[in-house]
file coords-v8.pdb (PDB, C-alpha atoms)
ATOM      1  CA  TYR A   1       0.000   0.000   0.000
ATOM      2  CA  MET A   2       2.836   2.337   0.773
ATOM      3  CA  SER A   3       4.407   1.707  -2.635
ATOM      4  CA  LEU A   4       1.090   2.403  -4.328
ATOM      5  CA  ALA A   5       0.726   5.632  -2.376
ATOM      6  CA  PHE A   6       4.208   6.763  -3.371
ATOM      7  CA  CYS A   7       3.534   6.096  -7.065
ATOM      8  CA  ILE A   8       2.050   9.556  -7.212
ATOM      9  CA  PHE A   9       5.570  11.024  -7.125
ATOM     10  CA  PHE A  10       6.352   9.486 -10.512
ATOM     11  CA  PHE A  11       3.577  11.352 -12.344
ATOM     12  CA  PRO A  12       4.270  14.719 -13.968
ATOM     13  CA  SER A  13       3.179  17.761 -11.946
ATOM     14  CA  GLU A  14       0.561  18.758 -14.514
ATOM     15  CA  THR A  15      -1.155  15.363 -14.254
ATOM     16  CA  ILE A  16      -1.285  15.553 -10.455
ATOM     17  CA  ASN A  17      -2.699  19.069 -10.677
ATOM     18  CA  LYS A  18      -5.423  17.937 -13.136
ATOM     19  CA  ILE A  19      -6.398  14.875 -11.090
ATOM     20  CA  PHE A  20      -6.415  16.306  -7.584
ATOM     21  CA  LEU A  21      -6.979  20.059  -7.959
ATOM     22  CA  ARG A  22      -9.349  20.015 -10.996
ATOM     23  CA  GLY A  23      -9.379  23.670 -11.786
ATOM     24  CA  LYS A  24      -9.218  24.885  -8.178
ATOM     25  CA  LYS A  25      -5.686  26.008  -8.610
ATOM     26  CA  LYS A  26      -4.043  27.015 -11.877
ATOM     27  CA  PHE A  27      -0.898  25.049 -12.745
ATOM     28  CA  TYR A  28       2.193  27.234 -12.319
ATOM     29  CA  THR A  29       4.578  27.281 -15.277
ATOM     30  CA  GLY A  30       6.684  30.352 -14.441
ATOM     31  CA  ASN A  31      10.408  30.114 -13.729
ATOM     32  CA  GLU A  32      10.889  33.092 -11.423
ATOM     33  CA  ILE A  33      11.694  32.564  -7.759
ATOM     34  CA  ASN A  34       9.688  34.588  -5.251
ATOM     35  CA  VAL A  35      11.503  34.930  -1.943
ATOM     36  CA  PRO A  36       9.106  35.842   0.877
ATOM     37  CA  SER A  37       9.805  38.970   2.927
ATOM     38  CA  TRP A  38      10.098  36.940   6.139
ATOM     39  CA  ASN A  39      12.886  34.780   4.663
ATOM     40  CA  LYS A  40      15.664  36.294   6.827
ATOM     41  CA  ILE A  41      13.678  35.723  10.026
ATOM     42  CA  PHE A  42      13.018  32.109   9.036
ATOM     43  CA  VAL A  43      16.679  31.456   8.151
ATOM     44  CA  GLY A  44      17.816  33.099  11.403
ATOM     45  CA  ALA A  45      15.409  31.000  13.493
ATOM     46  CA  LEU A  46      16.485  27.868  11.648
ATOM     47  CA  ALA A  47      20.166  28.697  12.264
ATOM     48  CA  VAL A  48      19.503  29.125  16.001
ATOM     49  CA  TRP A  49      17.587  25.842  16.091
ATOM     50  CA  PHE A  50      20.437  23.987  14.348
ATOM     51  CA  ALA A  51      23.014  25.575  16.670
ATOM     52  CA  ILE A  52      21.063  24.324  19.699
ATOM     53  CA  GLN A  53      20.725  20.858  18.160
ATOM     54  CA  ILE A  54      24.502  20.704  17.762
ATOM     55  CA  ALA A  55      25.528  22.474  20.996
ATOM     56  CA  LEU A  56      23.354  20.505  23.445
ATOM     57  CA  PRO A  57      24.688  17.087  22.477
ATOM     58  CA  LEU A  58      28.295  18.298  22.534
ATOM     59  CA  ARG A  59      28.191  20.286  25.791
ATOM     60  CA  HIS A  60      29.555  17.395  27.869
ATOM     61  CA  TRP A  61      32.999  18.070  26.384
ATOM     62  CA  PHE A  62      33.092  21.398  28.265
ATOM     63  CA  PHE A  63      32.529  19.950  31.754
ATOM     64  CA  GLN A  64      35.478  18.875  33.833
ATOM     65  CA  ASP A  65      35.919  15.200  34.653
ATOM     66  CA  ASP A  66      34.383  12.203  32.925
ATOM     67  CA  VAL A  67      30.734  12.511  31.903
ATOM     68  CA  LEU A  68      30.247   8.823  32.715
ATOM     69  CA  TRP A  69      31.013   9.712  36.329
ATOM     70  CA  THR A  70      29.470  13.159  36.826
ATOM     71  CA  GLU A  71      26.476  12.812  34.452
ATOM     72  CA  GLU A  72      26.871  16.534  33.709
ATOM     73  CA  GLY A  73      25.908  17.115  30.093
ATOM     74  CA  HIS A  74      25.020  13.442  29.606
ATOM     75  CA  ARG A  75      21.329  13.924  28.911
ATOM     76  CA  LEU A  76      20.402  15.076  25.393
ATOM     77  CA  SER A  77      23.920  14.198  24.234
ATOM     78  CA  TRP A  78      24.906  11.930  21.393
ATOM     79  CA  ARG A  79      25.899   9.190  23.785
ATOM     80  CA  MET A  80      24.507   5.739  24.148
ATOM     81  CA  MET A  81      24.391   3.898  27.424
ATOM     82  CA  LEU A  82      28.031   2.891  27.429
ATOM     83  CA  ARG A  83      28.224   2.084  31.093
ATOM     84  CA  GLY A  84      26.523   0.446  34.008
ATOM     85  CA  LYS A  85      26.330   2.565  37.121
ATOM     86  CA  GLY A  86      24.888   1.746  40.514
ATOM     87  CA  GLY A  87      25.393   2.126  44.215
ATOM     88  CA  ARG A  88      23.798   3.128  47.468
ATOM     89  CA  ILE A  89      23.098   6.454  49.135
ATOM     90  CA  THR A  90      21.765   7.688  52.459
ATOM     91  CA  PHE A  91      20.218  11.102  53.030
ATOM     92  CA  LYS A  92      20.680  12.803  56.397
ATOM     93  CA  VAL A  93      18.561  15.736  57.493
ATOM     94  CA  VAL A  94      20.068  17.973  60.185
ATOM     95  CA  GLU A  95      18.003  20.729  61.779
ATOM     96  CA  LYS A  96      19.940  24.016  61.681
ATOM     97  CA  GLY A  97      21.302  25.068  65.045
ATOM     98  CA  THR A  98      21.115  21.552  66.496
ATOM     99  CA  SER A  99      22.881  18.265  66.042
ATOM    100  CA  ASP A 100      19.603  16.358  65.607
ATOM    101  CA  THR A 101      20.037  14.033  62.640
ATOM    102  CA  ILE A 102      17.235  12.232  60.831
ATOM    103  CA  ILE A 103      18.073   9.413  58.415
ATOM    104  CA  VAL A 104      15.556   9.732  55.576
ATOM    105  CA  GLN A 105      13.653   6.631  54.512
ATOM    106  CA  LYS A 106      13.828   7.092  50.745
ATOM    107  CA  GLU A 107      11.197   4.396  50.231
ATOM    108  CA  ASP A 108       8.598   6.751  51.733
ATOM    109  CA  TYR A 109       9.223   9.302  48.962
ATOM    110  CA  LEU A 110      10.452   7.478  45.873
ATOM    111  CA  SER A 111       9.157   4.814  43.503
ATOM    112  CA  PRO A 112      11.198   1.618  42.966
ATOM    113  CA  LYS A 113      12.495   2.977  39.658
ATOM    114  CA  GLN A 114      13.595   6.225  41.328
ATOM    115  CA  LEU A 115      15.233   4.273  44.156
ATOM    116  CA  ARG A 116      17.388   2.417  41.615
ATOM    117  CA  ALA A 117      18.368   5.601  39.764
ATOM    118  CA  ILE A 118      18.970   8.113  42.552
ATOM    119  CA  PRO A 119      22.316   6.844  43.924
ATOM    120  CA  SER A 120      24.110   7.437  40.620
ATOM    121  CA  LYS A 121      22.455  10.590  39.276
ATOM    122  CA  PRO A 122      23.645  13.861  40.851
ATOM    123  CA  ASP A 123      20.718  15.877  39.489
ATOM    124  CA  MET A 124      18.228  13.497  41.082
ATOM    125  CA  ILE A 125      20.155  13.616  44.361
ATOM    126  CA  TRP A 126      20.032  17.414  44.309
ATOM    127  CA  GLN A 127      16.312  17.457  43.430
ATOM    128  CA  PHE A 128      15.523  15.059  46.267
ATOM    129  CA  ALA A 129      17.486  17.266  48.703
ATOM    130  CA  GLN A 130      15.452  20.266  47.525
ATOM    131  CA  ARG A 131      12.243  18.327  47.996
ATOM    132  CA  LEU A 132      13.256  17.381  51.545
ATOM    133  CA  GLU A 133      14.093  21.009  52.328
ATOM    134  CA  GLN A 134      10.694  22.130  51.030
ATOM    135  CA  GLU A 135       8.821  19.482  52.992
ATOM    136  CA  TYR A 136      10.574  20.298  56.262
ATOM    137  CA  ALA A 137      10.111  24.049  55.632
ATOM    138  CA  GLU A 138       6.364  23.415  55.460
ATOM    139  CA  LYS A 139       6.679  21.874  58.933
ATOM    140  CA  GLY A 140       8.467  25.021  60.115
ATOM    141  CA  MET A 141      11.965  23.532  60.254
ATOM    142  CA  GLU A 142      15.129  24.889  58.696
ATOM    143  CA  ILE A 143      17.312  21.973  57.668
ATOM    144  CA  GLU A 144      20.523  20.945  55.990
ATOM    145  CA  VAL A 145      20.660  17.851  53.795
ATOM    146  CA  TYR A 146      23.780  15.696  53.570
ATOM    147  CA  THR A 147      24.420  12.449  51.751
ATOM    148  CA  GLU A 148      26.633   9.451  52.283
ATOM    149  CA  GLY A 149      27.027   6.871  49.618
ATOM    150  CA  LYS A 150      29.198   5.202  47.074
ATOM    151  CA  ILE A 151      28.712   4.206  43.464
ATOM    152  CA  ARG A 152      30.626   2.226  40.907
ATOM    153  CA  VAL A 153      30.897   2.418  37.158
ATOM    154  CA  ASN A 154      31.125  -0.740  35.042
ATOM    155  CA  ARG A 155      31.652  -2.971  38.078
ATOM    156  CA  GLY A 156      34.738  -1.027  39.097
ATOM    157  CA  PRO A 157      35.568  -0.097  42.683
ATOM    158  CA  TYR A 158      33.027   1.807  44.777
ATOM    159  CA  LYS A 159      33.813   5.526  45.106
ATOM    160  CA  THR A 160      32.118   8.508  46.732
ATOM    161  CA  LEU A 161      30.157  10.588  44.199
ATOM    162  CA  ILE A 162      28.766  13.423  46.355
ATOM    163  CA  ASP A 163      30.808  15.346  48.923
ATOM    164  CA  PRO A 164      29.334  14.300  52.311
ATOM    165  CA  LYS A 165      30.283  17.682  53.868
ATOM    166  CA  VAL A 166      28.157  19.765  51.479
ATOM    167  CA  ASP A 167      24.626  20.858  52.395
ATOM    168  CA  LEU A 168      22.755  20.033  49.178
ATOM    169  CA  ALA A 169      19.699  21.993  50.298
ATOM    170  CA  ALA A 170      21.766  25.181  50.084
ATOM    171  CA  GLU A 171      23.242  24.445  46.657
ATOM    172  CA  GLU A 172      21.967  25.913  43.389
ATOM    173  CA  TRP A 173      21.723  23.857  40.215
ATOM    174  CA  GLN A 174      23.775  25.086  37.268
ATOM    175  CA  HIS A 175      22.873  23.527  33.914
ATOM    176  CA  PHE A 176      26.039  24.586  32.140
ATOM    177  CA  ARG A 177      28.655  24.525  34.927
ATOM    178  CA  HIS A 178      30.415  21.831  36.917
ATOM    179  CA  HIS A 179      29.255  21.409  40.519
ATOM    180  CA  ASP A 180      32.026  21.282  43.102
ATOM    181  CA  TRP A 181      29.982  18.979  45.333
ATOM    182  CA  ILE A 182      30.300  16.218  42.724
ATOM    183  CA  LEU A 183      33.628  14.647  43.602
ATOM    184  CA  PRO A 184      36.131  13.814  40.853
ATOM    185  CA  SER A 185      36.230  10.258  39.568
ATOM    186  CA  THR A 186      39.855   9.888  40.645
ATOM    187  CA  GLU A 187      39.235  10.533  44.375
ATOM    188  CA  ASP A 188      38.734   7.947  47.126
TER     189      ASP A 188
END
call {"tool": "encode", "arguments": {"input": "coords-v8.pdb", "output": "structure tokens"}}
result
Amino acid sequence: YMSLAFCIFFFPSETINKIFLRGKKKFYTGNEINVPSWNKIFVGALAVWFAIQIALPLRHWFFQDDVLWTEEGHRLSWRMMLRGKGGRITFKVVEKGTSDTIIVQKEDYLSPKQLRAIPSKPDMIWQFAQRLEQEYAEKGMEIEVYTEGKIRVNRGPYKTLIDPKVDLAAEEWQHFRHHDWILPSTED
């Protein structure tokens, strides 16, 4: 059926015009090229779109350390899943001005799929810390969120991904910059 449908492309333009447009639209036989007035705007927008389509997938080359470790610039890049990454992580909530520490039960907040992904994805770790801060703020508590955990890449040795001394609730997310709280792949 598809081949039959595409047969139409082998007919001359005049025949297609006679069969399908039957006098509704006059067949154009002129050779001049009419460039619309909005051509420059269209070309400019298309150039910006192409630049974004090339820049986003290549941005991981501008982050320090290995993208397989930090995940910075990994999403929307021209990379396949070239690695296996997993580990474990614990979130600690400390009320500001006290030494009261609460170990967060991640299972109360996250789905099984999220529980598998969160130890190895710094952006998810940061988002979860922000969510914890928001939830405790609604209860009237000012908190700090710390993590402890280790991950491994391609069944290598376990290493610490997130600096356990950094309060993730106080950190800002930067889409195009390296985060100092993500430890280098060579440490540990």
call {"tool": "residues_near_point", "arguments": {"input": "coords-v8.pdb", "point": "(19.2, 10.4, 41.5)", "cutoff": "10 Å", "atoms": "only C-alpha atoms", "output": "list in words"}}
result
Ile89, Gln114, Leu115, Arg116, Ala117, Ile118, Pro119, Ser120, Lys121, Pro122, Asp123, Met124, Ile125, Trp126, Gln127 and Phe128 of chain A
call {"tool": "atom_distance", "arguments": {"input": "coords-v8.pdb", "atom1": "atom CA of Ile33 of chain A", "atom2": "atom CA of Ile8 of chain A"}}
result
25.0 Å
call {"tool": "closest_atom_pairs", "arguments": {"input": "coords-v8.pdb", "of": "segment 39-94 of chain A", "to": "segment 136-158 of chain A", "cutoff": "6 Å", "atoms": "all atoms listed in the file", "output": "Markdown table"}}
result
| residue | atom | partner | partner_atom | distance |
| --- | --- | --- | --- | --- |
| A:Arg83 | CA | A:Asn154 | CA | 5.7 |
| A:Gly84 | CA | A:Asn154 | CA | 4.9 |
| A:Lys85 | CA | A:Val153 | CA | 4.6 |
| A:Gly86 | CA | A:Ile151 | CA | 5.4 |
| A:Gly87 | CA | A:Ile151 | CA | 4.0 |
| A:Arg88 | CA | A:Gly149 | CA | 5.4 |
| A:Ile89 | CA | A:Gly149 | CA | 4.0 |
| A:Thr90 | CA | A:Glu148 | CA | 5.2 |
| A:Phe91 | CA | A:Thr147 | CA | 4.6 |
| A:Lys92 | CA | A:Tyr146 | CA | 5.1 |
| A:Val93 | CA | A:Val145 | CA | 4.7 |
| A:Val94 | CA | A:Glu144 | CA | 5.2 |
call {"tool": "atom_distance", "arguments": {"input": "coords-v8.pdb", "atom1": "atom CA of Lys165 of chain A", "atom2": "atom CA of Val67 of chain A"}}
result
22.6 Å
call {"tool": "residues_around", "arguments": {"input": "coords-v8.pdb", "residues": "Arg75 of chain A", "least_positions_apart": "5", "cutoff": "12 Å", "atoms": "all atoms listed in the file", "output": "ChimeraX atom specification"}}
result
/A:56-60,67-68,70,80-81,121,123,175
call {"tool": "closest_residue", "arguments": {"input": "coords-v8.pdb", "among": "A:Phe63, A:Tyr28, A:Trp78, A:Phe10", "to": "Asp180 of chain A", "atoms": "only C-alpha atoms"}}
result
A:Phe63
call {"tool": "atom_distance", "arguments": {"input": "coords-v8.pdb", "atom1": "atom CA of Ser99 of chain A", "atom2": "atom CA of Lys159 of chain A"}}
result
26.8 Å
call {"tool": "residues_around", "arguments": {"input": "coords-v8.pdb", "residues": "Leu183 of chain A", "least_positions_apart": "5", "cutoff": "8 Å", "atoms": "all atoms listed in the file", "output": "MDAnalysis selection string"}}
result
chainID A and resid 160:163
call {"tool": "resolve_selection", "arguments": {"input": "coords-v8.pdb", "expression": "the PyMOL selection byres ((chain A and resi 186) around 10)", "output": "PyMOL selection string"}}
result
chain A and resi 65-66+69+159-160+183-185+187-188
call {"tool": "closest_residue", "arguments": {"input": "coords-v8.pdb", "among": "A:Glu95, A:Glu32, A:Glu71, A:Glu107", "to": "Glu133 of chain A", "atoms": "only C-alpha atoms"}}
result
A:Glu95
call {"tool": "axis_aligned_box", "arguments": {"input": "coords-v8.pdb", "around": "segment 154-159 of chain A", "padding_each_side": "5 Å", "output": "AutoDock Vina command-line options"}}
result
--center_x 33.3 --center_y 1.3 --center_z 40.1 --size_x 14.4 --size_y 18.5 --size_z 20.1
